[in-house]
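Raw work.cif, mmCIF, C-alpha atoms:
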data_model
#
loop_
_atom_site.label_atom_id
_atom_site.label_comp_id
_atom_site.auth_asym_id
_atom_site.auth_seq_id
_atom_site.Cartn_x
_atom_site.Cartn_y
_atom_site.Cartn_z
CA MET A 89 42.98 4.40 -12.85
CA PRO A 90 42.49 7.86 -11.22
CA GLN A 91 38.69 7.34 -11.30
CA TRP A 92 39.13 4.00 -9.57
CA PHE A 93 41.32 5.62 -6.93
CA VAL A 94 38.71 8.31 -6.19
CA LYS A 95 35.92 5.73 -6.27
CA GLY A 96 37.93 3.56 -3.90
CA LEU A 97 38.47 6.40 -1.45
CA ARG A 98 34.78 7.28 -1.56
CA ARG A 99 33.31 3.77 -1.45
CA GLY A 100 36.17 1.68 -0.12
CA VAL A 101 35.90 -0.96 -2.88
CA VAL A 102 37.29 -0.86 -6.41
CA THR A 103 36.71 -4.47 -7.39
CA THR A 104 33.99 -5.32 -9.89
CA ARG A 105 31.00 -7.31 -8.61
CA TYR A 106 31.06 -9.43 -11.76
CA PRO A 107 30.02 -12.27 -12.07
CA ALA A 108 27.58 -11.87 -9.14
CA ARG A 109 26.28 -8.64 -10.69
CA PRO A 110 26.71 -7.08 -14.14
CA ASP A 111 29.68 -4.74 -14.54
CA PRO A 112 28.69 -1.22 -15.66
CA LEU A 113 31.87 -0.94 -17.78
CA ALA A 114 30.91 -3.99 -19.85
CA ALA A 115 28.72 -1.90 -22.18
CA THR A 116 31.74 0.16 -23.29
CA LEU A 117 33.84 -2.82 -24.41
CA PRO A 118 34.52 -3.37 -28.11
CA GLY A 119 32.87 -6.54 -29.29
CA PRO A 120 31.29 -8.42 -32.15
CA PRO A 121 28.51 -6.89 -34.27
CA ALA A 122 24.78 -7.62 -34.25
CA PHE A 123 22.73 -7.60 -37.44
CA ARG A 124 19.35 -6.25 -38.60
CA PRO A 125 18.15 -8.83 -41.13
CA ASP A 126 15.52 -6.44 -42.59
CA ALA A 127 18.29 -4.05 -43.65
CA LEU A 128 20.87 -6.68 -44.54
CA THR A 129 20.73 -7.08 -48.33
CA GLY A 130 22.69 -9.53 -50.45
CA GLN A 131 24.90 -6.71 -51.72
CA ILE A 132 25.83 -5.62 -48.18
CA ALA A 133 26.45 -9.23 -47.13
CA ASP A 134 28.82 -9.75 -50.08
CA ASP A 135 30.65 -6.53 -49.17
CA LEU A 136 31.04 -7.66 -45.54
CA VAL A 137 32.61 -10.93 -46.68
CA ARG A 138 35.04 -8.91 -48.81
CA ILE A 139 36.06 -6.26 -46.24
CA CYS A 140 36.33 -8.35 -43.06
CA PRO A 141 40.08 -8.50 -42.28
CA SER A 142 39.82 -11.61 -40.10
CA ARG A 143 37.53 -13.64 -42.40
CA ALA A 144 34.72 -13.77 -39.86
CA PHE A 145 32.10 -13.79 -42.66
CA ARG A 146 31.23 -16.41 -45.20
CA ARG A 147 28.34 -16.46 -47.60
CA ALA A 148 25.71 -19.03 -48.44
CA PRO A 149 22.50 -18.54 -50.46
CA GLY A 150 20.12 -16.47 -48.31
CA THR A 151 22.52 -16.47 -45.40
CA LEU A 152 25.48 -14.62 -44.01
CA ILE A 153 27.60 -16.97 -41.91
CA PHE A 154 29.16 -15.03 -39.03
CA ASP A 155 31.94 -16.57 -36.94
CA ALA A 156 32.03 -14.65 -33.64
CA GLY A 157 35.18 -16.57 -32.70
CA ALA A 158 37.07 -15.11 -35.66
CA CYS A 159 35.70 -11.58 -35.15
CA THR A 160 38.22 -9.05 -33.82
CA GLY A 161 35.61 -6.35 -33.14
CA CYS A 162 37.36 -3.89 -35.47
CA GLY A 163 34.09 -2.23 -36.54
CA ARG A 164 34.70 -2.16 -40.31
CA CYS A 165 31.37 -3.91 -40.91
CA ARG A 166 29.55 -1.28 -38.81
CA ASP A 167 31.21 1.48 -40.85
CA ARG A 168 30.23 -0.20 -44.14
CA ALA A 169 26.54 -0.61 -43.26
CA PRO A 170 25.49 1.31 -40.12
CA ASP A 171 21.82 0.52 -40.80
CA ALA A 172 22.28 -3.23 -41.01
CA VAL A 173 25.13 -3.76 -38.56
CA THR A 174 25.22 -2.48 -34.98
CA ALA A 175 27.29 -3.19 -31.88
CA SER A 176 26.05 -6.24 -29.99
CA GLY A 177 27.50 -5.13 -26.64
CA GLU A 178 28.07 -8.82 -25.94
CA PHE A 179 31.24 -9.98 -24.20
CA GLU A 180 30.25 -13.28 -22.54
CA LEU A 181 31.41 -15.32 -25.52
CA ALA A 182 33.04 -18.35 -23.94
CA ALA A 183 31.93 -21.55 -25.68
CA THR A 184 32.53 -25.19 -24.88
CA ASN A 185 32.07 -26.01 -28.55
CA ARG A 186 33.81 -24.07 -31.33
CA SER A 187 30.81 -24.35 -33.67
CA ALA A 188 28.59 -22.60 -31.08
CA LEU A 189 30.29 -19.35 -32.10
CA VAL A 190 29.31 -19.70 -35.77
CA LYS A 191 25.95 -18.03 -36.45
CA LEU A 192 23.63 -17.98 -39.47
CA ILE A 193 22.24 -14.50 -40.23
CA PRO A 194 19.31 -14.40 -42.69
CA VAL A 195 19.82 -12.04 -45.65
CA ARG A 196 16.86 -10.07 -47.03
CA GLY A 197 15.89 -10.59 -50.66
CA ASP A 198 18.05 -13.63 -51.30
CA ALA A 199 15.96 -16.26 -53.04
CA SER A 200 16.78 -19.52 -51.27
CA THR A 201 16.50 -18.54 -47.59
CA VAL A 202 14.24 -21.44 -46.66
CA GLU A 203 16.50 -24.09 -48.11
CA VAL A 204 19.55 -22.92 -46.14
CA ILE A 205 17.91 -22.39 -42.74
CA ALA A 206 16.24 -25.82 -42.96
CA MET B 169 56.02 -35.55 -32.74
CA SER B 170 52.83 -36.20 -34.65
CA SER B 171 51.06 -33.25 -36.25
CA ASP B 172 47.63 -34.88 -35.98
CA PRO B 173 45.22 -33.00 -33.71
CA PRO B 174 44.03 -34.98 -30.69
CA ALA B 175 40.82 -36.77 -31.59
CA ARG B 176 38.41 -35.46 -28.98
CA ALA B 177 35.60 -34.63 -31.41
CA ALA B 178 35.34 -38.13 -32.92
CA MET B 179 34.31 -40.00 -29.77
CA PRO B 180 31.34 -42.41 -29.89
CA PRO B 181 28.23 -41.39 -27.86
CA ALA B 182 28.90 -43.66 -24.84
CA LEU B 183 32.41 -42.28 -24.46
CA ASP B 184 30.97 -38.80 -24.95
CA GLU B 185 28.68 -39.31 -21.93
CA ALA B 186 31.61 -40.60 -19.91
CA ALA B 187 33.54 -37.49 -20.93
CA ASP B 188 30.63 -35.31 -19.76
CA GLU B 189 30.57 -37.07 -16.41
CA LEU B 190 34.34 -36.60 -16.11
CA ARG B 191 33.85 -32.91 -16.89
CA ARG B 192 31.33 -32.57 -14.07
CA ARG B 193 33.70 -34.31 -11.65
CA VAL B 194 36.56 -32.08 -12.77
CA ALA B 195 34.34 -29.05 -12.25
CA ARG B 196 33.51 -30.15 -8.67
CA GLN B 197 37.19 -30.73 -7.98
CA PHE B 198 38.24 -27.36 -9.44
CA GLY B 199 35.29 -25.44 -8.01
CA ARG B 200 37.15 -23.62 -5.24
CA SER B 201 40.79 -23.38 -6.28
CA LEU B 202 42.27 -23.57 -9.72
CA HIS B 203 45.81 -22.84 -10.86
CA ILE B 204 46.35 -21.38 -14.30
CA ARG B 205 49.40 -21.65 -16.52
CA THR B 206 49.41 -19.19 -19.42
CA LEU B 207 50.98 -20.25 -22.71
CA ASP B 208 51.82 -17.81 -25.51
CA THR B 209 52.03 -19.66 -28.83
CA GLY B 210 52.88 -16.57 -30.86
CA SER B 211 50.32 -13.95 -29.89
CA CYS B 212 50.78 -10.19 -30.25
CA ALA B 213 50.68 -9.90 -26.42
CA ALA B 214 47.34 -8.07 -26.36
CA CYS B 215 45.78 -11.19 -24.82
CA GLU B 216 48.64 -11.36 -22.30
CA GLN B 217 47.95 -7.73 -21.39
CA GLU B 218 44.32 -8.58 -20.65
CA ILE B 219 45.29 -11.73 -18.75
CA ARG B 220 47.67 -9.67 -16.62
CA MET B 221 44.84 -7.22 -15.90
CA LEU B 222 42.89 -10.07 -14.30
CA ALA B 223 45.15 -9.78 -11.26
CA ALA B 224 44.60 -6.00 -10.98
CA PRO B 225 42.38 -4.69 -8.15
CA HIS B 226 39.41 -4.00 -10.40
CA TYR B 227 39.09 -7.64 -11.54
CA ASP B 228 40.96 -9.45 -8.75
CA LEU B 229 40.53 -13.01 -10.00
CA HIS B 230 41.97 -14.40 -6.77
CA ARG B 231 38.67 -13.64 -5.03
CA LEU B 232 37.14 -16.34 -7.25
CA GLY B 233 39.78 -18.93 -6.38
CA PHE B 234 41.86 -18.62 -9.57
CA PHE B 235 45.64 -18.35 -9.29
CA PHE B 236 48.50 -18.12 -11.77
CA THR B 237 51.33 -20.60 -11.47
CA PRO B 238 54.77 -20.39 -13.10
CA THR B 239 54.98 -24.08 -14.01
CA PRO B 240 52.68 -26.45 -15.88
CA ARG B 241 53.39 -29.14 -13.27
CA HIS B 242 51.29 -27.19 -10.77
CA ALA B 243 48.61 -26.13 -13.23
CA ASP B 244 45.01 -27.33 -13.58
CA LEU B 245 44.22 -25.13 -16.54
CA LEU B 246 46.25 -24.09 -19.57
CA LEU B 247 45.28 -20.65 -20.90
CA VAL B 248 46.58 -20.64 -24.47
CA THR B 249 46.92 -17.55 -26.67
CA GLY B 250 48.22 -17.07 -30.22
CA PRO B 251 47.84 -18.96 -33.52
CA MET B 252 50.15 -21.87 -32.53
CA LEU B 253 53.40 -21.27 -34.37
CA ARG B 254 54.84 -24.44 -35.89
CA ALA B 255 58.16 -23.71 -34.15
CA PHE B 256 56.33 -23.71 -30.79
CA ALA B 257 54.14 -26.79 -31.27
CA SER B 258 56.45 -29.29 -29.55
CA ALA B 259 56.87 -26.95 -26.57
CA ALA B 260 53.09 -26.61 -26.36
CA ARG B 261 52.64 -30.39 -26.39
CA LYS B 262 55.34 -30.79 -23.72
CA THR B 263 53.61 -28.17 -21.57
CA TYR B 264 50.30 -30.00 -21.94
CA ASP B 265 51.91 -33.37 -21.19
CA ALA B 266 53.63 -31.95 -18.09
CA MET B 267 50.32 -30.96 -16.49
CA PRO B 268 48.84 -33.43 -14.03
CA ALA B 269 45.43 -34.89 -14.93
CA PRO B 270 42.64 -33.83 -14.78
CA LYS B 271 43.47 -30.78 -16.86
CA LEU B 272 41.59 -28.15 -18.81
CA VAL B 273 42.71 -26.23 -21.89
CA VAL B 274 41.21 -22.84 -22.72
CA ALA B 275 41.86 -21.22 -26.12
CA THR B 276 41.97 -17.45 -25.77
CA GLY B 277 41.50 -14.81 -28.45
CA ALA B 278 40.68 -14.74 -32.14
CA CYS B 279 44.12 -16.10 -33.25
CA ALA B 280 43.84 -19.13 -31.00
CA LEU B 281 40.30 -19.74 -32.26
CA GLY B 282 41.49 -19.83 -35.87
CA GLY B 283 40.16 -16.43 -36.88
CA VAL B 284 43.11 -14.28 -37.84
CA TYR B 285 45.76 -16.46 -39.46
CA GLN B 286 45.24 -19.17 -42.03
CA PRO B 287 47.37 -22.30 -41.67
CA ASP B 288 50.68 -21.68 -43.44
CA GLU B 289 54.35 -22.60 -43.17
CA PHE B 290 54.74 -20.51 -39.99
CA SER B 291 51.67 -21.30 -37.92
CA TYR B 292 48.88 -23.85 -37.63
CA GLY B 293 46.42 -20.94 -37.54
CA SER B 294 44.56 -22.39 -34.54
CA VAL B 295 45.45 -23.84 -31.16
CA ALA B 296 43.08 -26.75 -31.80
CA ALA B 297 45.56 -28.16 -34.32
CA GLN B 298 47.84 -29.24 -31.46
CA LEU B 299 45.86 -29.26 -28.19
CA PRO B 300 42.43 -30.59 -27.16
CA ILE B 301 40.39 -27.49 -26.28
CA ASP B 302 37.74 -27.48 -23.53
CA VAL B 303 36.61 -23.84 -23.70
CA TRP B 304 36.93 -21.22 -26.43
CA ILE B 305 37.04 -17.54 -25.43
CA ALA B 306 36.29 -15.18 -28.31
CA GLY B 307 37.59 -11.62 -28.53
CA CYS B 308 40.55 -9.68 -29.89
CA PRO B 309 41.69 -9.43 -27.21
CA PRO B 310 39.01 -10.84 -24.87
CA SER B 311 38.46 -8.31 -22.08
CA PRO B 312 39.27 -9.37 -18.52
CA LEU B 313 35.52 -9.74 -17.92
CA ALA B 314 35.28 -12.08 -20.91
CA LEU B 315 38.26 -14.06 -19.57
CA LEU B 316 36.60 -14.29 -16.15
CA GLN B 317 33.44 -15.61 -17.77
CA GLY B 318 35.47 -18.12 -19.77
CA LEU B 319 37.25 -19.37 -16.66
CA MET B 320 33.92 -19.67 -14.82
CA VAL B 321 32.48 -21.62 -17.78
CA ALA B 322 35.56 -23.88 -17.77
CA VAL B 323 34.93 -24.91 -14.16
CA ASP B 324 31.14 -25.08 -14.69
CA ARG B 325 30.42 -22.27 -12.26
CA MET B 326 28.67 -20.26 -14.96
CA ALA B 327 26.45 -21.43 -17.81
CA GLU B 328 27.76 -21.14 -21.34
CA LYS B 329 25.88 -18.37 -23.14
CA ALA B 330 27.42 -18.33 -26.62
CA SER B 331 25.27 -21.09 -28.10
CA ARG B 332 22.09 -19.13 -27.26
CA LEU B 333 23.24 -15.86 -28.85
CA THR B 334 21.82 -15.06 -32.29
CA PHE B 335 23.68 -11.80 -33.08
CA ILE B 336 20.45 -10.49 -34.54
CA ALA B 337 19.71 -6.96 -33.29
CA GLY B 338 16.35 -6.38 -31.65
CA GLY B 339 15.77 -10.10 -31.24
CA ALA B 340 16.67 -12.27 -28.26
CA LEU B 341 20.37 -11.46 -28.43
#
Structure translated into C-alpha cells:
Amino acid sequence: MPQWFVKGLRRGVVTTRYPARPDPLAATLPGPPAFRPDALTGQIADDLVRICPSRAFRRAPGTLIFDAGACTGCGRCRDRAPDAVTASGEFELAATNRSALVKLIPVRGDASTVEVIA
Amino acid sequence: MSSDPPARAAMPPALDEAADELRRRVARQFGRSLHIRTLDTGSCAACEQEIRMLAAPHYDLHRLGFFFTPTPRHADLLLVTGPMLRAFASAARKTYDAMPAPKLVVATGACALGGVYQPDEFSYGSVAAQLPIDVWIAGCPPSPLALLQGLMVAVDRMAEKASRLTFIAGGAL
C-alpha cells in the first residue's frame, strides 16, 4: 500500500493496466507448479501423489495426472523435488470446462507411456 | 429439493450448439455492464478477501464494467466460493433461481472446483453438485488478477487459456 501511494503521487495512476497489458506483479503470485518430465521419475511421481494435501495428483502408468483446479499452490511438491517441479508463474487459469484444468504429465522411465498418452 | 446436479453436460450436440449460440448472445449482452452477486457456500473467506480486493484502486474492476450487487434479483453473474455445504444447498439453489435469465455462474477457488474437500456428510465437496457452472477459476485463493481474467472469460471478452496450458516447464507453457 505505501508503495502504491508513492507510485500514485509520482505517476498519478495506481490502477493495473491488466488485461490490456501484463501486470508486473503477476510473476510474484503463488500458483500451480510446472514439471520437467526428464527429471520426473516414477518414484517422485508416487511421492507427489502421497504428499499433496489437496489431492491434485493422481497416477496412471507412465503418467502423472495433475489437476490444476484442485491445486492450492502450497509448494510442497516443489520442496519434495526441486529438480522436477518448478513454479509455473501462471495465474490465468479460468476454464469454461472443468476437465480443461486436468493435465497429463509424462513420467520418465515408466514402461507404458505410449499406451496412456494415446 | 432434489440433490441431482443440473444436467448441463449431457446435452445432445444440436442442443450444445444452441447453448453455444446462447452463450455468444449472453456475452454480447453482458459485454459492457455486468452485475455480480457473490455467494459464500462455506469458504474460509480467503476467496472473499480477494474478491473484495477487486474493488480496490489497484484492480478497480468497475473500469471494466463489472459491479457488485447486494441481491441476486439484480445479478447477471453468480460468483460462488466454498465447497457447497449441504446445509447451504437450498439457499444456493434459491439464489440461483432468483436471478433473472440469462445468468452466468462462476465457481471460484479450489474448494468450489472440488479440490480440497471430498464429498461427505457436511459438504458436497464441489459447487457443481448443486449449480450449473459456466466458468471455473482455479487458485487457492485466486488472485484478483485471476478473478479478473475469469470474469473476462465469462463474458467472452478474453480467450480461455487453461486448455492450452501443459504445465510442462521449458515447453509451450
(message) Evaluate the PyMOL selection byres ((chain B and resi 246) around 12) against this structure - the residues, as an NGL selection string, please.
(response) :B and (202-209 or 235-245 or 247-249 or 260-261 or 263-276 or 295 or 299-304 or 319 or 322)
Report the closest atom pair, with its distance in Å rounded to one decimal, for each residue of chain B that has an atom no farther than 6 Å from chain A; count only C-alpha atoms, sort by chain and then rising residue number, and write it as JSON lines.
{"residue": "B:Pro225", "atom": "CA", "partner": "A:Thr103", "partner_atom": "CA", "distance": 5.7}
{"residue": "B:His226", "atom": "CA", "partner": "A:Thr103", "partner_atom": "CA", "distance": 4.1}
{"residue": "B:Tyr227", "atom": "CA", "partner": "A:Thr103", "partner_atom": "CA", "distance": 5.7}
{"residue": "B:Ala278", "atom": "CA", "partner": "A:Ala158", "partner_atom": "CA", "distance": 5.1}
{"residue": "B:Gly283", "atom": "CA", "partner": "A:Ala158", "partner_atom": "CA", "distance": 3.6}
{"residue": "B:Val284", "atom": "CA", "partner": "A:Ser142", "partner_atom": "CA", "distance": 4.8}
{"residue": "B:Asp302", "atom": "CA", "partner": "A:Thr184", "partner_atom": "CA", "distance": 5.8}
{"residue": "B:Val303", "atom": "CA", "partner": "A:Thr184", "partner_atom": "CA", "distance": 4.5}
{"residue": "B:Trp304", "atom": "CA", "partner": "A:Ala183", "partner_atom": "CA", "distance": 5.1}
{"residue": "B:Ile305", "atom": "CA", "partner": "A:Ala182", "partner_atom": "CA", "distance": 4.3}
{"residue": "B:Ala306", "atom": "CA", "partner": "A:Gly157", "partner_atom": "CA", "distance": 4.7}
{"residue": "B:Gly307", "atom": "CA", "partner": "A:Thr160", "partner_atom": "CA", "distance": 5.9}
{"residue": "B:Cys308", "atom": "CA", "partner": "A:Thr160", "partner_atom": "CA", "distance": 4.6}
{"residue": "B:Ala314", "atom": "CA", "partner": "A:Glu180", "partner_atom": "CA", "distance": 5.4}
{"residue": "B:Gly318", "atom": "CA", "partner": "A:Ala182", "partner_atom": "CA", "distance": 4.8}
{"residue": "B:Ala330", "atom": "CA", "partner": "A:Leu181", "partner_atom": "CA", "distance": 5.1}
{"residue": "B:Ser331", "atom": "CA", "partner": "A:Ala188", "partner_atom": "CA", "distance": 4.7}
{"residue": "B:Phe335", "atom": "CA", "partner": "A:Ala122", "partner_atom": "CA", "distance": 4.5}
{"residue": "B:Ile336", "atom": "CA", "partner": "A:Phe123", "partner_atom": "CA", "distance": 4.7}
{"residue": "B:Ala337", "atom": "CA", "partner": "A:Phe123", "partner_atom": "CA", "distance": 5.2}
Using 3 Å of padding on each side, determine the axis-aligned box around all atoms of range 139-155 of chain A present in the file and give its centre and edge lengths in Å to one decimal, as AutoDock Vina command-line options.
--center_x 30.1 --center_y -12.6 --center_z -43.7 --size_x 26.0 --size_y 18.8 --size_z 19.5
(request) Just give me the gap between CA of Gln286 in chain B and CA of Pro251 in chain B in Å, one decimal is fine. (result)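 CA of Pro251 in chain B lies 8.9 Å from CA of Gln286 in chain B.
Straight-line separation from CA of Asp324 in chain B to CA of Ala108 in chain A: 14.8 Å.
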(request) For CA of Phe256 in chain B and CA of Ala297 in chain B, determine how far apart the two atoms are, in Å to one decimal place. (result) 12.2 Å
(request) Please write as a ChimeraX atom specification the full residue list that the PyMOL selection byres ((chain A and resi 130-139) around 10) yields on this file. (result) /A:127-129,140-154,164-166,168-169,172-173,193-199
(request) Please write as a count of residues only the full residue list that the PyMOL selection byres ((chain B and resi 212) around 10) yields on this file. (result) 14
